[in-house]
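Colleague: This one is run.txt, compact mmCIF, C-alpha atoms.
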# COMPACT_ATOMS: atom_id res chain seq x y z
CA MET A 1 68.86 30.65 27.59
CA ASP A 2 69.51 29.81 23.97
CA THR A 3 72.97 28.63 24.98
CA ALA A 4 71.76 26.93 28.17
CA PRO A 5 74.23 24.36 29.43
CA GLU A 6 73.68 20.83 28.20
CA ILE A 7 71.19 19.08 30.47
CA ALA A 8 71.18 15.37 29.81
CA GLU A 9 68.28 13.15 30.81
CA ALA A 10 68.65 11.91 34.37
CA GLU A 11 68.28 8.20 35.08
CA ALA A 12 65.15 7.15 36.95
CA ASN A 13 65.46 4.99 40.06
CA PRO A 14 66.03 1.36 38.91
CA TYR A 15 63.64 0.12 41.61
CA LEU A 16 60.80 2.34 40.42
CA TYR A 17 58.75 -0.52 38.98
CA GLN A 18 58.87 -2.45 42.27
CA LYS A 19 57.77 0.69 44.14
CA ILE A 20 54.83 1.11 41.78
CA GLU A 21 53.87 -2.56 42.18
CA ASN A 22 53.98 -2.15 45.97
CA ARG A 23 51.80 0.95 45.75
CA LEU A 24 49.24 -0.84 43.62
CA SER A 25 49.08 -3.92 45.88
CA THR A 26 49.03 -1.83 49.11
CA HIS A 27 46.25 0.35 47.76
CA GLY A 28 44.25 -2.75 46.83
CA LYS A 29 44.55 -4.09 50.39
CA ASN A 30 43.90 -0.71 51.93
CA SER A 31 40.86 0.20 49.87
CA SER A 32 38.56 -2.42 51.49
CA GLY A 33 39.88 -1.40 54.93
CA VAL A 34 39.25 2.27 54.12
CA PHE A 35 35.72 1.42 52.96
CA LYS A 36 34.97 -0.40 56.23
CA TYR A 37 36.38 2.52 58.22
CA LYS A 38 34.18 4.99 56.32
CA MET A 39 31.11 2.77 56.76
CA GLN A 40 31.75 2.66 60.51
CA TRP A 41 31.60 6.45 60.66
CA VAL A 42 28.39 6.48 58.58
CA ALA A 43 26.84 3.93 60.97
CA ALA A 44 27.98 5.98 63.98
CA PHE A 45 26.41 9.10 62.46
CA PHE A 46 23.03 7.39 61.96
CA LEU A 47 23.21 5.91 65.46
CA VAL A 48 23.74 9.38 66.95
CA VAL A 49 20.84 10.76 64.89
CA ALA A 50 18.59 7.85 65.98
CA LEU A 51 19.54 8.31 69.66
CA ASN A 52 18.82 12.02 69.48
CA ALA A 53 15.50 11.44 67.72
CA SER A 54 14.36 8.86 70.30
CA SER A 55 15.47 11.14 73.18
CA PHE A 56 13.45 13.95 71.65
CA VAL A 57 10.37 11.73 71.29
CA ILE A 58 10.63 10.58 74.93
CA TYR A 59 11.17 14.16 76.11
CA ALA A 60 8.21 15.44 74.05
CA SER A 61 5.88 12.75 75.40
CA LYS A 62 7.01 13.48 78.99
CA MET A 63 6.47 17.22 78.47
CA LYS A 64 2.97 16.51 77.08
CA LYS A 65 2.18 14.34 80.11
CA HIS A 66 3.51 17.08 82.40
CA ARG A 67 1.39 19.72 80.60
CA ASP A 68 -1.72 17.49 80.88
CA VAL A 69 -1.10 16.97 84.59
CA SER A 70 -0.59 20.74 85.10
CA ALA A 71 -3.79 21.48 83.20
CA ILE A 72 -5.74 18.98 85.29
CA GLU A 73 -4.28 20.45 88.54
CA ALA A 74 -5.24 23.97 87.39
CA LEU A 75 -8.75 22.82 86.52
CA LYS A 76 -9.05 21.04 89.88
CA GLY A 77 -8.01 24.28 91.61
CA GLU A 78 -10.65 26.27 89.72
CA ILE A 79 -13.39 23.77 90.55
CA ILE A 80 -12.46 23.82 94.26
CA THR A 81 -12.38 27.66 94.26
CA SER A 82 -15.68 27.99 92.41
CA ASN A 83 -17.31 25.45 94.77
CA THR A 84 -15.93 27.38 97.76
CA TYR A 85 -17.33 30.74 96.50
CA SER A 86 -20.70 29.33 95.55
CA TYR A 87 -21.52 28.73 99.23
CA MET B 1 45.45 -7.89 36.85
CA SER B 2 45.41 -9.84 33.61
CA GLN B 3 48.70 -10.91 32.08
CA PHE B 4 47.99 -8.88 28.95
CA HIS B 5 47.28 -5.80 31.05
CA GLU B 6 50.44 -6.32 33.05
CA ASN B 7 52.59 -6.86 29.96
CA SER B 8 51.19 -3.77 28.22
CA PHE B 9 51.76 -1.74 31.34
CA ARG B 10 55.32 -2.99 31.71
CA GLU B 11 56.09 -2.10 28.10
CA LEU B 12 54.65 1.38 28.50
CA PHE B 13 56.57 1.84 31.72
CA GLU B 14 59.93 0.82 30.28
CA ALA B 15 59.43 2.95 27.17
CA ASN B 16 58.37 6.12 28.99
CA LYS B 17 59.75 6.08 32.55
CA SER B 18 62.79 8.17 31.76
CA LYS B 19 60.90 10.91 29.95
CA VAL B 20 58.20 11.06 32.65
CA TYR B 21 60.82 11.28 35.37
CA ASN B 22 62.68 14.06 33.57
CA ILE B 23 59.51 16.04 32.88
CA SER B 24 58.62 15.92 36.60
CA LEU B 25 62.21 16.59 37.65
CA ASN B 26 62.54 19.70 35.50
CA ILE B 27 59.20 21.11 36.66
CA VAL B 28 59.34 20.39 40.40
CA GLN B 29 63.15 20.59 40.72
CA ASN B 30 63.44 17.96 43.44
CA ILE B 31 64.62 14.37 42.95
CA GLU B 32 62.44 12.74 45.65
CA ASP B 33 59.32 14.66 44.60
CA ALA B 34 59.96 13.80 40.94
CA GLU B 35 60.18 10.12 41.89
CA ASP B 36 56.93 10.30 43.83
CA ILE B 37 55.20 12.02 40.94
CA THR B 38 56.55 9.44 38.48
CA GLN B 39 55.10 6.67 40.64
CA GLU B 40 51.74 8.45 40.81
CA VAL B 41 51.75 8.91 37.04
CA PHE B 42 52.26 5.23 36.38
CA VAL B 43 49.75 4.18 39.05
CA GLU B 44 47.19 6.32 37.23
CA VAL B 45 48.30 4.90 33.88
CA PHE B 46 47.82 1.39 35.23
CA ARG B 47 44.33 2.16 36.53
CA SER B 48 43.21 4.03 33.41
CA LEU B 49 44.80 1.69 30.86
CA PRO B 50 41.60 -0.34 30.22
CA ASP B 51 39.74 2.92 29.45
CA PHE B 52 42.42 4.36 27.17
CA LYS B 53 40.71 5.03 23.84
CA GLU B 54 43.84 5.74 21.77
CA ALA B 55 42.70 9.23 20.78
CA SER B 56 46.39 10.12 21.01
CA ALA B 57 49.60 8.13 21.15
CA PRO B 58 50.07 6.33 24.50
CA SER B 59 53.27 8.27 25.20
CA THR B 60 51.48 11.62 24.66
CA TRP B 61 48.74 10.53 27.05
CA ILE B 62 51.31 9.51 29.69
CA TYR B 63 53.34 12.72 29.36
CA ARG B 64 50.15 14.78 29.71
CA ILE B 65 49.42 13.02 33.00
CA ALA B 66 53.01 13.75 34.08
CA VAL B 67 52.69 17.47 33.25
CA ASN B 68 49.33 17.75 35.05
CA LYS B 69 50.54 15.94 38.15
CA SER B 70 53.69 18.09 38.28
CA LEU B 71 51.67 21.31 37.99
CA ASP B 72 49.23 20.04 40.67
CA PHE B 73 52.20 19.36 42.91
CA ILE B 74 53.53 22.90 42.47
CA ARG B 75 50.10 24.38 43.24
CA ALA B 76 49.77 22.26 46.38
CA LYS B 77 53.25 23.34 47.47
CA LYS B 78 52.34 27.02 46.98
CA ARG B 79 49.18 26.52 49.07
CA LYS B 80 51.26 25.00 51.88
CA LYS B 81 53.67 27.92 51.66
CA ARG B 82 50.78 30.40 51.96
CA LEU B 83 49.62 28.62 55.12
CA ALA B 84 53.15 28.64 56.49
CA PHE B 85 52.24 31.33 59.01
CA LEU B 86 50.23 28.67 60.83
CA THR B 87 53.31 26.49 61.19
CA GLN B 88 56.73 27.48 62.34
CA LEU B 89 58.38 29.36 59.52
CA PHE B 90 61.91 28.98 60.83
CA HIS B 91 63.59 25.80 62.03
CA PRO B 92 63.78 26.02 65.84
CA GLU B 93 67.45 24.95 65.98
CA THR B 94 69.15 26.13 62.80
CA GLY B 95 67.01 29.23 62.20
CA ALA B 96 66.85 28.34 58.49
CA LEU B 97 63.71 29.12 56.51
CA GLN B 98 61.67 25.90 56.52
CA HIS B 99 59.65 26.55 53.38
CA GLU B 100 62.43 27.71 51.08
CA ALA B 101 63.48 25.27 48.36
CA PRO B 102 67.20 24.41 48.41
CA CYS B 103 69.34 24.85 45.28
CA PHE B 104 68.45 22.26 42.68
CA GLU B 105 71.31 20.08 41.42
CA HIS B 106 70.15 18.35 38.28
CA PRO B 107 71.72 14.88 38.15
CA GLY B 108 72.09 15.08 34.38
CA VAL B 109 74.38 18.11 34.36
CA LEU B 110 78.14 17.99 33.86
CA LEU B 111 80.26 19.38 36.71
CA GLU B 112 81.56 22.35 34.71
CA ASN B 113 78.00 23.48 33.94
CA LYS B 114 76.73 23.00 37.48
CA GLU B 115 76.80 26.61 38.58
CA LYS B 116 75.18 27.97 35.39
CA THR B 117 72.45 25.32 35.61
CA GLU B 118 71.72 26.09 39.26
CA ILE B 119 71.29 29.77 38.39
CA LEU B 120 69.06 28.90 35.43
CA TYR B 121 66.87 26.56 37.46
CA LYS B 122 66.56 29.10 40.25
CA ALA B 123 65.37 31.64 37.68
CA ILE B 124 62.97 29.11 36.11
CA ASN B 125 61.59 28.40 39.59
CA GLN B 126 60.46 32.01 39.85
CA LEU B 127 58.22 31.73 36.81
CA PRO B 128 54.46 31.17 37.18
CA GLY B 129 53.47 27.47 36.91
CA LYS B 130 52.32 27.33 33.27
CA GLN B 131 55.19 29.45 31.94
CA LYS B 132 57.60 27.25 33.84
CA ALA B 133 56.07 24.06 32.45
CA ALA B 134 56.00 25.39 28.87
CA PHE B 135 59.62 26.57 29.02
CA VAL B 136 60.88 23.38 30.63
CA LEU B 137 59.06 21.11 28.18
CA CYS B 138 60.22 23.06 25.15
CA ARG B 139 63.74 24.19 26.04
CA ILE B 140 64.93 21.51 28.43
CA ASN B 141 62.94 18.36 27.72
CA GLY B 142 63.25 18.95 23.99
CA PHE B 143 59.60 18.90 22.91
CA THR B 144 58.59 21.03 19.95
CA PRO B 145 56.15 23.91 20.61
CA GLN B 146 53.41 21.86 18.90
CA GLU B 147 54.09 18.85 21.14
CA THR B 148 54.23 21.15 24.16
CA SER B 149 50.80 22.60 23.32
CA VAL B 150 49.37 19.05 23.07
CA LEU B 151 50.94 18.02 26.38
CA MET B 152 49.62 21.10 28.15
CA GLY B 153 46.22 20.91 26.50
CA LEU B 154 46.55 24.43 25.08
CA SER B 155 46.27 25.97 21.63
CA GLY B 156 49.44 26.68 19.64
CA LYS B 157 49.06 30.42 20.12
CA ALA B 158 48.57 30.10 23.88
CA THR B 159 51.73 28.00 24.13
CA GLU B 160 53.72 30.45 22.04
CA SER B 161 52.52 33.28 24.24
CA LEU B 162 53.55 31.35 27.37
CA LEU B 163 57.00 30.65 25.90
CA GLN B 164 57.46 34.28 24.91
CA ARG B 165 56.48 35.54 28.36
CA ALA B 166 58.66 32.93 30.03
CA LYS B 167 61.64 34.03 27.96
CA GLU B 168 61.05 37.72 28.76
CA ASN B 169 60.64 37.03 32.46
CA LEU B 170 63.77 34.90 32.56
CA LYS B 171 65.77 37.63 30.83
CA LYS B 172 64.62 40.08 33.51
CA ILE B 173 65.35 37.71 36.38
CA LEU B 174 68.77 36.68 35.05
CA GLY B 175 69.58 40.28 34.14
CA ASN B 176 68.83 41.40 37.70
CA PHE B 177 70.89 38.52 39.05
CA TYR B 178 73.96 39.29 36.99
CA ASP B 179 73.64 43.04 37.64
CA GLY B 180 73.54 42.27 41.36
CA ARG B 181 76.66 40.16 40.99
CA ARG B 182 78.58 42.89 39.17
CA ASN B 183 77.67 45.43 41.87
Take the structure in the file and write it out as structure tokens.

Modeller:
Amino acid sequence: MDTAPEIAEAEANPYLYQKIENRLSTHGKNSSGVFKYKMQWVAAFFLVVALNASSFVIYASKMKKHRDVSAIEALKGEIITSNTYSY
Amino acid sequence: MSQFHENSFRELFEANKSKVYNISLNIVQNIEDAEDITQEVFVEVFRSLPDFKEASAPSTWIYRIAVNKSLDFIRAKKRKKRLAFLTQLFHPETGALQHEAPCFEHPGVLLENKEKTEILYKAINQLPGKQKAAFVLCRINGFTPQETSVLMGLSGKATESLLQRAKENLKKILGNFYDGRRN
């Protein structure tokens, strides 16, 4: 290792600067596009949450209505039965 | 970008591109990867240039980025290799190992030294990441141990220890290699 063969510096690609410039300009164009794409997913997420929440609210109110109706039917049945037996 | 910013960046690029490329090349041992890393280094330099506070020389700052990016690249490559069982390990047609690095031919080496250099680089490739980086920076890229410790963000003693362990490990690896050859 102390007598390692001579390793000269290799030449970098002569077009490296152009490649870097392209990267910088492409990233600049892409970054606003990437932001919009990410925002679309955020909006989709909140839409899904909102849809689920509204479905739950509708379902809960329907279930409450159904429970109220069942309770009234049960009460009606009891009244009819008690009226029948009281004779 | 402002003209001043662009001019400063261009100057820094021209002054340091060769060294950055060679640092990456000697650590990752692949010409295309070294080029990619060099591009990433200078893209980061360009973005961070307005915030550069001149705590160190600009070249030191740039070489530190190059060392860090090269080490990150090696770690990412090792992670991919560990997950290789999820992908096909062998090429379906040739049967060759897909995740094995080919022999590294350094473009800066004379023809008569090619074989020795390939053996040396193969041995260096078996070192752990930090030992590899320390050895390459000091013995191949020509930085002093003090400069190497600054580039790697380590103390002088830590760097010396890395260099010592790298040397011992290389002696073992090369010793085993040459013993195998004799037998």

Colleague: Just how far from CA of Ile62 in chain B is CA of Gln39 in chain B, in Å to one decimal?

Modeller: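 Taking CA of Gln39 in chain B and CA of Ile62 in chain B, their separation equals 11.9 Å.
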
Colleague: Wanna dump the chain B-chain A contacts at 10 Å for me, each residue with its shortest atom pair and the distance in Å to one decimal, counting only C-alpha atoms, ordered by chain and number, as a Markdown table?

Modeller:
| residue | atom | partner | partner_atom | distance |
| --- | --- | --- | --- | --- |
| B:Arg10 | CA | A:Tyr17 | CA | 8.4 |
| B:Phe13 | CA | A:Tyr17 | CA | 7.9 |
| B:Glu14 | CA | A:Tyr17 | CA | 8.9 |
| B:Lys17 | CA | A:Ala12 | CA | 7.0 |
| B:Ser18 | CA | A:Ala12 | CA | 5.8 |
| B:Lys19 | CA | A:Glu9 | CA | 7.8 |
| B:Val20 | CA | A:Ala12 | CA | 9.1 |
| B:Tyr21 | CA | A:Ala12 | CA | 6.2 |
| B:Asn22 | CA | A:Glu9 | CA | 6.3 |
| B:Ile23 | CA | A:Glu9 | CA | 9.5 |
| B:Leu25 | CA | A:Ala10 | CA | 8.6 |
| B:Asn26 | CA | A:Glu9 | CA | 9.9 |
| B:Ile31 | CA | A:Ala12 | CA | 9.4 |
| B:Ala34 | CA | A:Ala12 | CA | 9.3 |
| B:Glu35 | CA | A:Asn13 | CA | 7.6 |
| B:Asp36 | CA | A:Leu16 | CA | 9.5 |
| B:Thr38 | CA | A:Leu16 | CA | 8.5 |
| B:Gln39 | CA | A:Ile20 | CA | 5.7 |
| B:Glu40 | CA | A:Ile20 | CA | 8.0 |
| B:Val41 | CA | A:Ile20 | CA | 9.6 |
| B:Phe42 | CA | A:Ile20 | CA | 7.3 |
| B:Val43 | CA | A:Ile20 | CA | 6.5 |
| B:Glu44 | CA | A:Leu24 | CA | 9.8 |
| B:Phe46 | CA | A:Leu24 | CA | 8.8 |
| B:Arg47 | CA | A:Leu24 | CA | 9.1 |
| B:His106 | CA | A:Ala10 | CA | 7.7 |
| B:Pro107 | CA | A:Ala10 | CA | 5.7 |
| B:Gly108 | CA | A:Ala8 | CA | 4.7 |
| B:Val109 | CA | A:Ile7 | CA | 5.1 |
| B:Leu110 | CA | A:Glu6 | CA | 7.7 |
| B:Glu112 | CA | A:Pro5 | CA | 9.3 |
| B:Asn113 | CA | A:Pro5 | CA | 5.9 |
| B:Lys114 | CA | A:Pro5 | CA | 8.5 |
| B:Glu115 | CA | A:Pro5 | CA | 9.8 |
| B:Lys116 | CA | A:Pro5 | CA | 7.0 |
| B:Thr117 | CA | A:Pro5 | CA | 6.5 |
| B:Leu120 | CA | A:Ala4 | CA | 8.0 |
| B:Arg139 | CA | A:Asp2 | CA | 8.3 |
| B:Ile140 | CA | A:Ile7 | CA | 7.0 |
| B:Asn141 | CA | A:Glu9 | CA | 8.1 |
| B:Lys167 | CA | A:Met1 | CA | 8.0 |
| B:Leu170 | CA | A:Met1 | CA | 8.3 |
| B:Lys171 | CA | A:Met1 | CA | 8.3 |
| B:Leu174 | CA | A:Met1 | CA | 9.6 |

Colleague: From the list B:Glu118, B:Ala66, B:Pro50, B:Phe9, which residue is nearest Gln29 in chain B when using all atoms listed in the file?

Modeller: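 That would be B:Glu118, the residue with the smallest distance to Gln29 in chain B.
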
Colleague: Counting only C-alpha atoms, which of B:Ala166, B:Ile27, B:Ile119, B:Leu127 gets nearest to Asn68 in chain B?

Modeller: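 Checking each candidate against Asn68 in chain B, we get B:Ile27 as the closest.
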
Colleague: So the first atom is CA of Lys53 in chain B and the second is CA of Ser24 in chain B; what is the distance between them in Å, to one decimal place?

Modeller: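 If I compute the distance from CA of Lys53 in chain B to CA of Ser24 in chain B, I get 24.5 Å.
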
Colleague: Go ahead and compute the interatomic distance for CA of Leu47 in chain A and CA of Met63 in chain A, in Å to one decimal.

Modeller: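 The value is 24.0 Å.
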
Colleague: Skipping near chain neighbours, those fewer than 5 positions away, what residues fall within 12 Å of Glu168 in chain B using all atoms listed in the file, listed as a ChimeraX atom specification?

Modeller: /A:1 /B:123-124,127,131,135,161-163,173-175

Colleague: Kindly extract all protein, DNA and RNA residues lying within 9 Å of the coordinates (44.3, -3.5, 26.8) given in the file, considering only C-alpha atoms, and supply them as a PyMOL selection string.

Modeller: chain B and resi 4-5+8-9+49-52

Colleague: With all atoms listed in the file as the basis for distance, which of B:Thr159, B:Val150, B:Glu32, B:Asn169 is at the shortest distance from Ser56 in chain B?

Modeller: B:Val150

Colleague: Working from the structure I just supplied, which lacks atoms in range 32-48 of chain B, can you model N, CA and C atoms there and output them as a PDB file, in the coordinates of the input?

Modeller:
ATOM      1  N   GLU B  32      63.390  13.627  44.946  1.00  0.00           N
ATOM      2  CA  GLU B  32      62.440  12.740  45.650  1.00  0.00           C
ATOM      3  C   GLU B  32      61.009  13.001  45.186  1.00  0.00           C
ATOM      4  N   ASP B  33      60.681  14.314  45.050  1.00  0.00           N
ATOM      5  CA  ASP B  33      59.320  14.660  44.600  1.00  0.00           C
ATOM      6  C   ASP B  33      59.078  14.140  43.184  1.00  0.00           C
ATOM      7  N   ALA B  34      60.107  14.276  42.327  1.00  0.00           N
ATOM      8  CA  ALA B  34      59.960  13.800  40.940  1.00  0.00           C
ATOM      9  C   ALA B  34      59.718  12.288  40.922  1.00  0.00           C
ATOM     10  N   GLU B  35      60.399  11.571  41.802  1.00  0.00           N
ATOM     11  CA  GLU B  35      60.180  10.120  41.890  1.00  0.00           C
ATOM     12  C   GLU B  35      58.767   9.789  42.325  1.00  0.00           C
ATOM     13  N   ASP B  36      58.295  10.514  43.343  1.00  0.00           N
ATOM     14  CA  ASP B  36      56.930  10.300  43.830  1.00  0.00           C
ATOM     15  C   ASP B  36      55.924  10.554  42.725  1.00  0.00           C
ATOM     16  N   ILE B  37      56.127  11.660  42.014  1.00  0.00           N
ATOM     17  CA  ILE B  37      55.200  12.020  40.940  1.00  0.00           C
ATOM     18  C   ILE B  37      55.235  10.962  39.839  1.00  0.00           C
ATOM     19  N   THR B  38      56.428  10.486  39.513  1.00  0.00           N
ATOM     20  CA  THR B  38      56.550   9.440  38.480  1.00  0.00           C
ATOM     21  C   THR B  38      55.762   8.200  38.892  1.00  0.00           C
ATOM     22  N   GLN B  39      55.866   7.831  40.163  1.00  0.00           N
ATOM     23  CA  GLN B  39      55.100   6.670  40.640  1.00  0.00           C
ATOM     24  C   GLN B  39      53.600   6.925  40.505  1.00  0.00           C
ATOM     25  N   GLU B  40      53.175   8.123  40.910  1.00  0.00           N
ATOM     26  CA  GLU B  40      51.740   8.450  40.810  1.00  0.00           C
ATOM     27  C   GLU B  40      51.274   8.408  39.373  1.00  0.00           C
ATOM     28  N   VAL B  41      52.110   8.902  38.476  1.00  0.00           N
ATOM     29  CA  VAL B  41      51.750   8.910  37.040  1.00  0.00           C
ATOM     30  C   VAL B  41      51.486   7.488  36.576  1.00  0.00           C
ATOM     31  N   PHE B  42      52.412   6.592  36.886  1.00  0.00           N
ATOM     32  CA  PHE B  42      52.260   5.230  36.380  1.00  0.00           C
ATOM     33  C   PHE B  42      51.169   4.446  37.107  1.00  0.00           C
ATOM     34  N   VAL B  43      50.888   4.808  38.359  1.00  0.00           N
ATOM     35  CA  VAL B  43      49.750   4.180  39.050  1.00  0.00           C
ATOM     36  C   VAL B  43      48.464   4.585  38.330  1.00  0.00           C
ATOM     37  N   GLU B  44      48.372   5.867  37.960  1.00  0.00           N
ATOM     38  CA  GLU B  44      47.190   6.320  37.230  1.00  0.00           C
ATOM     39  C   GLU B  44      47.113   5.670  35.839  1.00  0.00           C
ATOM     40  N   VAL B  45      48.263   5.544  35.202  1.00  0.00           N
ATOM     41  CA  VAL B  45      48.300   4.900  33.880  1.00  0.00           C
ATOM     42  C   VAL B  45      47.779   3.472  34.001  1.00  0.00           C
ATOM     43  N   PHE B  46      48.238   2.775  35.028  1.00  0.00           N
ATOM     44  CA  PHE B  46      47.820   1.390  35.230  1.00  0.00           C
ATOM     45  C   PHE B  46      46.297   1.301  35.415  1.00  0.00           C
ATOM     46  N   ARG B  47      45.771   2.220  36.244  1.00  0.00           N
ATOM     47  CA  ARG B  47      44.330   2.160  36.530  1.00  0.00           C
ATOM     48  C   ARG B  47      43.494   2.549  35.311  1.00  0.00           C
ATOM     49  N   SER B  48      44.003   3.513  34.539  1.00  0.00           N
ATOM     50  CA  SER B  48      43.210   4.030  33.410  1.00  0.00           C
ATOM     51  C   SER B  48      43.468   3.279  32.108  1.00  0.00           C
TER      52      SER B  48
END
